[in-house]
Amino acid sequence: MADAQFSTSAAATRIDLMLVAGMVEPGSRVLDVGCGDGALMRMLQDGRNVDARGIELSQAGVNQCVAHGLSVIQGDADADLADYPDNSFDYVILSQTIQATRRPKVVLDHMLRIGRRAIVSFPNFGHWKIRTRLAFGGRMPVTENLPVSWHETPNIHFCTIRDFIDLCDEVGAHIEKGVALDAGGRQVRLTMPWWVWNLFGEQAVLVLSRER
Amino acid sequence: MARTLGTQAIPPTPRNEANDPTSLVARFGADQPLHLDCGVALSPLTIAYQTYGALNADKSNAVLICHALTGDQHVANVNPVTGKNGWWETMIGPGKPIDTDRFFVICSNVLASCLGTTGPASLLVDGGAPYALDFPVVTVRDMVRAQAMLVDHLGIDTLFCVAGGSMGGMQVLQWAASYPERVFCAMPIATAAKHSAQNIAFHEVGRQAIMADPDWRGGRYLAEGVRPEKGLAVARMAAHITYLSEPALHRKFGRKLQDRAAPTFSFDADFEIESYLRYQGRSFVERFDANSYLYLTRAMDYFDLAADYDGKLAGAFRGARTRFCVVSFTSDWLFPTSDSRAVVHALNASGASVSFVEIETDKGHDAFLLDVPELFATTKGFIDSAARARGLVEAARG
């Protein structure tokens, strides 16, 4: 798991956080995996009276969080989720990070085990700009949203929205809610079919729960 | 045969501090025995302690500092034995992370140590011989029970914070387990919920070095007017290596020779590291009692917090409302990060509020005592936010 500011651009992260925060029920218990400097946790704690806990890899991030009075442990999604008990949180949030984990499927499994719901947001590699650059430029795309070149990016498991939905099916995750954001940060309408999302959504935010 | 210590003879320094400490003391008589894990009711009991800052009207700003194996209560004042600064003045003082303008800081000498709290160097009766090996074997939980008696004695119900590193961190964890409602926040640093086999092994080397010294005399050296200085020095030398790290040793000493251009083809201290360790050993014996070293290392060996909860560490923290800040250091191989992570996992499993940071440093286990800015940044942030939650006002700064 990498620093959020390096895996996607700062502006994308900000819009994403506000969207994610809006999906969390007030007063719930939240585990924010890859919580960075704790921006989302503070948003949730102050605005929605949420009991938020975090995991962050960077020492600088953890220090910032602890200095703000947040309960954050140093660790990462791949190594540390296994140690959390079942059903210990209402939501487990992984914001703009799943593509940077070593084993996204295992991570998703753990999230659904630990939380009643998982909220996952990720950059969509199926966006038309990326498809165009790869198709016509012949190079791995570097975009405003994904600003780091292939050899330096921490994003080792890129996927499209369609790919991710396949993974959800594979692990038995039910998609309760899904939002895609276009390049301008506007929501792609929910009534649109998946292929529209997959083409015009730059980022996706999905609320998942275990299928019963 | 046995030489007795004449009344005119000047006893060695640790002996002096053991029975007449340069500290505040709390005395508990026969009506208030300390019930130990080994079954003994220890009485009388003396606890030597220091305080800094002022207790507020609500008695809500008390911070208890727990010291490590060879530490003492002189946490933030000049040490009466060594003449050096207090051992945690980097952390405690006006404007420091544990701000004495804001908090009432208490540090007591642990049970079985030798700086004034009852231990093997204490006299059984006035004018009599020291306990020596007649002193009962104590545990970390016993140390914490004694501290709780002191906290009661000071009229304090809930401690704002309990903090300490290494063996001090073990006491912090024990406090949180034994008296969860009395600890608002806790900072166990560079520590573990159980002592590892490797650490027990190192301690055993130290104890054997002491007991192999002919001047140990079956533990009765004080009564016989001698001290096992060589054995204790070797114990300290071996232990001191475990407090450092290979990169730090390399950085500080490498293979540098001590005041000479070439090896002497002898067993002199040719290398700087040898000379340094010998100095560490020599200076340690001037301030510490060999039997205390046996008892305290034993207490650490016996420490296994999970064992009291059917082997499940999370059980020790069930329902804990204490806020925890766990800190480890990357180059600490005595209490490695995996030990701290085990504590963090247990705290998470029990739903406790926990922060954890592993600080990057090459200074080894001793890092918690040294000038490590990241440590101060983390602890200050944690303490300040906990103080806000506790409703403690910030110290006014002129």
# chains A, B, ... in the order shown; residues from 1 in each chain; ligands from 1
$ interface_residues --of "chain B" --to "chain A" --cutoff "10 Å" --atoms "only C-alpha atoms" --output "short mmCIF file (atom, residue, chain, number, x, y, z; two decimals) with C-alpha atoms, in the first residue's frame"
data_model
loop_
_atom_site.label_atom_id
_atom_site.label_comp_id
_atom_site.auth_asym_id
_atom_site.auth_seq_id
_atom_site.Cartn_x
_atom_site.Cartn_y
_atom_site.Cartn_z
CA ARG B 323 -6.36 4.91 25.09
CA PHE B 324 -3.11 3.28 24.08
CA CYS B 325 -0.11 4.56 22.19
CA VAL B 326 2.31 1.73 21.43
CA VAL B 327 5.78 2.62 20.16
CA ARG B 341 2.44 -5.64 17.06
CA ALA B 342 1.26 -8.56 19.17
CA VAL B 344 -1.55 -3.90 19.11
CA HIS B 345 -3.37 -6.89 17.63
CA ALA B 346 -4.67 -7.86 21.06
CA LEU B 347 -5.82 -4.30 21.69
CA ASN B 348 -7.56 -4.21 18.31
CA ALA B 349 -9.18 -7.56 18.98
CA SER B 350 -10.56 -6.23 22.24
CA GLY B 351 -11.81 -3.07 20.54
CA ALA B 352 -9.55 -0.74 22.51
CA SER B 353 -8.47 2.62 21.14
CA VAL B 354 -4.89 2.14 20.01
CA SER B 355 -2.30 4.05 18.08
CA PHE B 356 0.93 2.40 17.05
CA VAL B 357 4.06 3.77 15.48
CA GLU B 358 7.29 2.02 14.59
CA ILE B 359 10.02 4.62 14.64
CA GLU B 360 12.89 4.38 12.19
CA GLU B 374 9.93 11.23 16.07
CA LEU B 375 9.35 9.69 19.50
CA ALA B 377 6.41 14.14 18.12
CA THR B 378 4.31 10.99 18.49
CA THR B 379 4.08 11.05 22.27
CA LYS B 380 3.36 14.77 22.40
CA GLY B 381 0.55 14.43 19.87
CA PHE B 382 -0.92 11.49 21.75
CA ILE B 383 -0.63 13.08 25.21
CA ASP B 384 -2.04 16.42 24.04
CA SER B 385 -5.06 14.86 22.38
CA ALA B 386 -5.71 12.59 25.37
CA ALA B 387 -5.42 15.61 27.68
CA ARG B 388 -8.03 17.44 25.58
CA ALA B 389 -10.31 14.43 25.87
#
$ residues_around --residues "Val137 of chain B" --least-positions-apart "4" --cutoff "8 Å" --atoms "only C-alpha atoms" --output "PyMOL selection string"
chain B and resi 38+295+298-299
$ write_last_selection --atoms "N, CA and C atoms" --output "mmCIF file, in the first residue's frame"
data_model
loop_
_atom_site.group_PDB
_atom_site.id
_atom_site.type_symbol
_atom_site.label_atom_id
_atom_site.label_comp_id
_atom_site.auth_asym_id
_atom_site.auth_seq_id
_atom_site.Cartn_x
_atom_site.Cartn_y
_atom_site.Cartn_z
ATOM 1 N N CYS B 38 3.865 -14.770 44.698
ATOM 2 C CA CYS B 38 4.467 -16.009 45.223
ATOM 3 C C CYS B 38 3.795 -16.451 46.518
ATOM 4 N N TYR B 295 16.816 -10.296 40.930
ATOM 5 C CA TYR B 295 15.364 -10.295 41.155
ATOM 6 C C TYR B 295 14.600 -9.614 40.012
ATOM 7 N N ARG B 298 14.557 -11.629 36.854
ATOM 8 C CA ARG B 298 13.632 -12.745 37.044
ATOM 9 C C ARG B 298 12.180 -12.298 36.839
ATOM 10 N N ALA B 299 11.864 -11.137 37.389
ATOM 11 C CA ALA B 299 10.495 -10.610 37.252
ATOM 12 C C ALA B 299 10.155 -10.428 35.768
#
$ residues_around --residues "Gly71 of chain B" --least-positions-apart "4" --cutoff "10 Å" --atoms "only C-alpha atoms" --output "CSV table (one decimal) with C-alpha atoms, in the first residue's frame"
chain,number,residue,atom,x,y,z
B,66,CYS,CA,7.5,3.2,35.2
B,67,HIS,CA,11.2,2.7,35.0
B,75,VAL,CA,13.4,10.4,36.1
B,86,GLY,CA,17.4,12.2,35.2
B,87,TRP,CA,17.1,9.3,32.8
B,88,TRP,CA,14.0,10.6,30.9
B,109,ASN,CA,11.6,2.9,42.4
B,110,VAL,CA,10.3,-0.5,41.6
B,113,SER,CA,15.2,-2.5,43.1
B,114,CYS,CA,17.9,-0.8,45.2
B,115,LEU,CA,17.2,2.9,45.3
B,167,MET,CA,10.4,-3.3,31.8
B,168,GLY,CA,8.6,0.0,32.4
B,288,PHE,CA,23.4,-1.0,41.3
$ closest_atom_pairs --of "segment 256-333 of chain B" --to "segment 188-202 of chain B" --cutoff "8 Å" --atoms "only C-alpha atoms" --output "Markdown table"
| residue | atom | partner | partner_atom | distance |
| --- | --- | --- | --- | --- |
| B:Met300 | CA | B:His195 | CA | 6.4 |
| B:Asp301 | CA | B:Ile200 | CA | 5.5 |
| B:Tyr302 | CA | B:His195 | CA | 7.3 |
| B:Phe303 | CA | B:Lys194 | CA | 5.3 |
| B:Asp304 | CA | B:Lys194 | CA | 4.1 |
| B:Leu305 | CA | B:Ala193 | CA | 5.5 |
| B:Ala306 | CA | B:Ala193 | CA | 7.2 |
| B:Leu313 | CA | B:Ala193 | CA | 7.8 |
| B:Phe324 | CA | B:Pro188 | CA | 7.8 |
| B:Cys325 | CA | B:Pro188 | CA | 6.8 |
| B:Val326 | CA | B:Pro188 | CA | 5.3 |
| B:Val327 | CA | B:Ile189 | CA | 4.8 |
| B:Ser328 | CA | B:Ala190 | CA | 4.8 |
| B:Phe329 | CA | B:Ala190 | CA | 6.7 |
| B:Asp332 | CA | B:Ala190 | CA | 7.6 |
$ select_by_dssp --residues "segment 10-197 of chain A" --states "helix (DSSP H, G or I)" --output "ChimeraX atom specification"
/A:10-22,39-48,59-67,77-83,98-100,104-114,128-137,161-171,194-197
$ select_by_dssp --residues "segment 251-346 of chain B" --states "strand (DSSP E)" --output "ChimeraX atom specification"
/B:323-329
$ write_last_selection --atoms "C-alpha atoms" --output "tab-separated table (two decimals), in the first residue's frame"
chain	number	residue	atom	x	y	z
B	323	ARG	CA	-6.36	4.91	25.09
B	324	PHE	CA	-3.11	3.28	24.08
B	325	CYS	CA	-0.11	4.56	22.19
B	326	VAL	CA	2.31	1.73	21.43
B	327	VAL	CA	5.78	2.62	20.16
B	328	SER	CA	8.56	0.40	18.82
B	329	PHE	CA	11.88	1.07	17.12
$ atom_distance --atom1 "atom CA of Val63 of chain B" --atom2 "atom CA of Arg318 of chain B"
22.9 Å
$ atom_distance --atom1 "atom CA of Val107 of chain A" --atom2 "atom CA of Glu25 of chain A"
22.7 Å
$ closest_residue --among "A:Lys105, A:Ile15, A:Ser209, A:Ser95" --to "Gly38 of chain A" --atoms "only C-alpha atoms"
A:Ser95
$ closest_residue --among "A:Gly47, A:Gly137, A:Gly185, A:Gly126" --to "Gly27 of chain A" --atoms "only C-alpha atoms"
A:Gly47
$ atom_distance --atom1 "atom CA of Asp163 of chain A" --atom2 "atom CA of Val20 of chain A"
20.7 Å
$ closest_residue --among "A:Trp150, A:Phe158, A:Val50, A:His110" --to "Ala77 of chain A" --atoms "only C-alpha atoms"
A:His110
$ residues_around --residues "Arg236 of chain B" --least-positions-apart "4" --cutoff "7 Å" --atoms "only C-alpha atoms" --output "PyMOL selection string"
chain B and resi 232+240+281
$ residues_around --residues "Ser23 of chain B" --least-positions-apart "2" --cutoff "7 Å" --atoms "only C-alpha atoms" --output "PyMOL selection string"
chain B and resi 21+25+48-50
$ closest_residue --among "B:Leu173, B:Ser266, B:Glu181, B:Met149" --to "Ala314 of chain B" --atoms "only C-alpha atoms"
B:Leu173
$ closest_residue --among "A:Ala135, A:Val207, A:Ile130, A:Met23" --to "Pro147 of chain A" --atoms "only C-alpha atoms"
A:Ile130
$ residues_around --residues "Leu199 of chain A" --least-positions-apart "3" --cutoff "10 Å" --atoms "only C-alpha atoms" --output "PyMOL selection string"
chain A and resi 124-131+160-162+182+194-196+202
$ write_last_selection --atoms "C-alpha atoms" --output "PDB file, in the first residue's frame"
ATOM      1  CA  ASN A 124     -10.767   3.104 -13.321  1.00  0.00           C
ATOM      2  CA  PHE A 125      -8.230   1.888 -15.854  1.00  0.00           C
ATOM      3  CA  GLY A 126     -11.059   1.448 -18.342  1.00  0.00           C
ATOM      4  CA  HIS A 127     -11.691   5.191 -18.653  1.00  0.00           C
ATOM      5  CA  TRP A 128     -11.794   6.323 -22.281  1.00  0.00           C
ATOM      6  CA  LYS A 129      -8.758   8.604 -21.907  1.00  0.00           C
ATOM      7  CA  ILE A 130      -6.627   5.743 -20.654  1.00  0.00           C
ATOM      8  CA  ARG A 131      -7.927   3.401 -23.347  1.00  0.00           C
ATOM      9  CA  THR A 160     -11.323  -1.438 -14.676  1.00  0.00           C
ATOM     10  CA  ILE A 161     -14.718  -1.077 -13.058  1.00  0.00           C
ATOM     11  CA  ARG A 162     -15.833  -4.212 -14.925  1.00  0.00           C
ATOM     12  CA  ASP A 182     -16.161  11.569 -14.443  1.00  0.00           C
ATOM     13  CA  TRP A 194     -22.076  -0.549 -16.639  1.00  0.00           C
ATOM     14  CA  TRP A 195     -20.319   0.021 -19.937  1.00  0.00           C
ATOM     15  CA  VAL A 196     -21.010   3.752 -19.611  1.00  0.00           C
ATOM     16  CA  GLU A 202     -12.476   8.073 -13.862  1.00  0.00           C
TER      17      GLU A 202
END
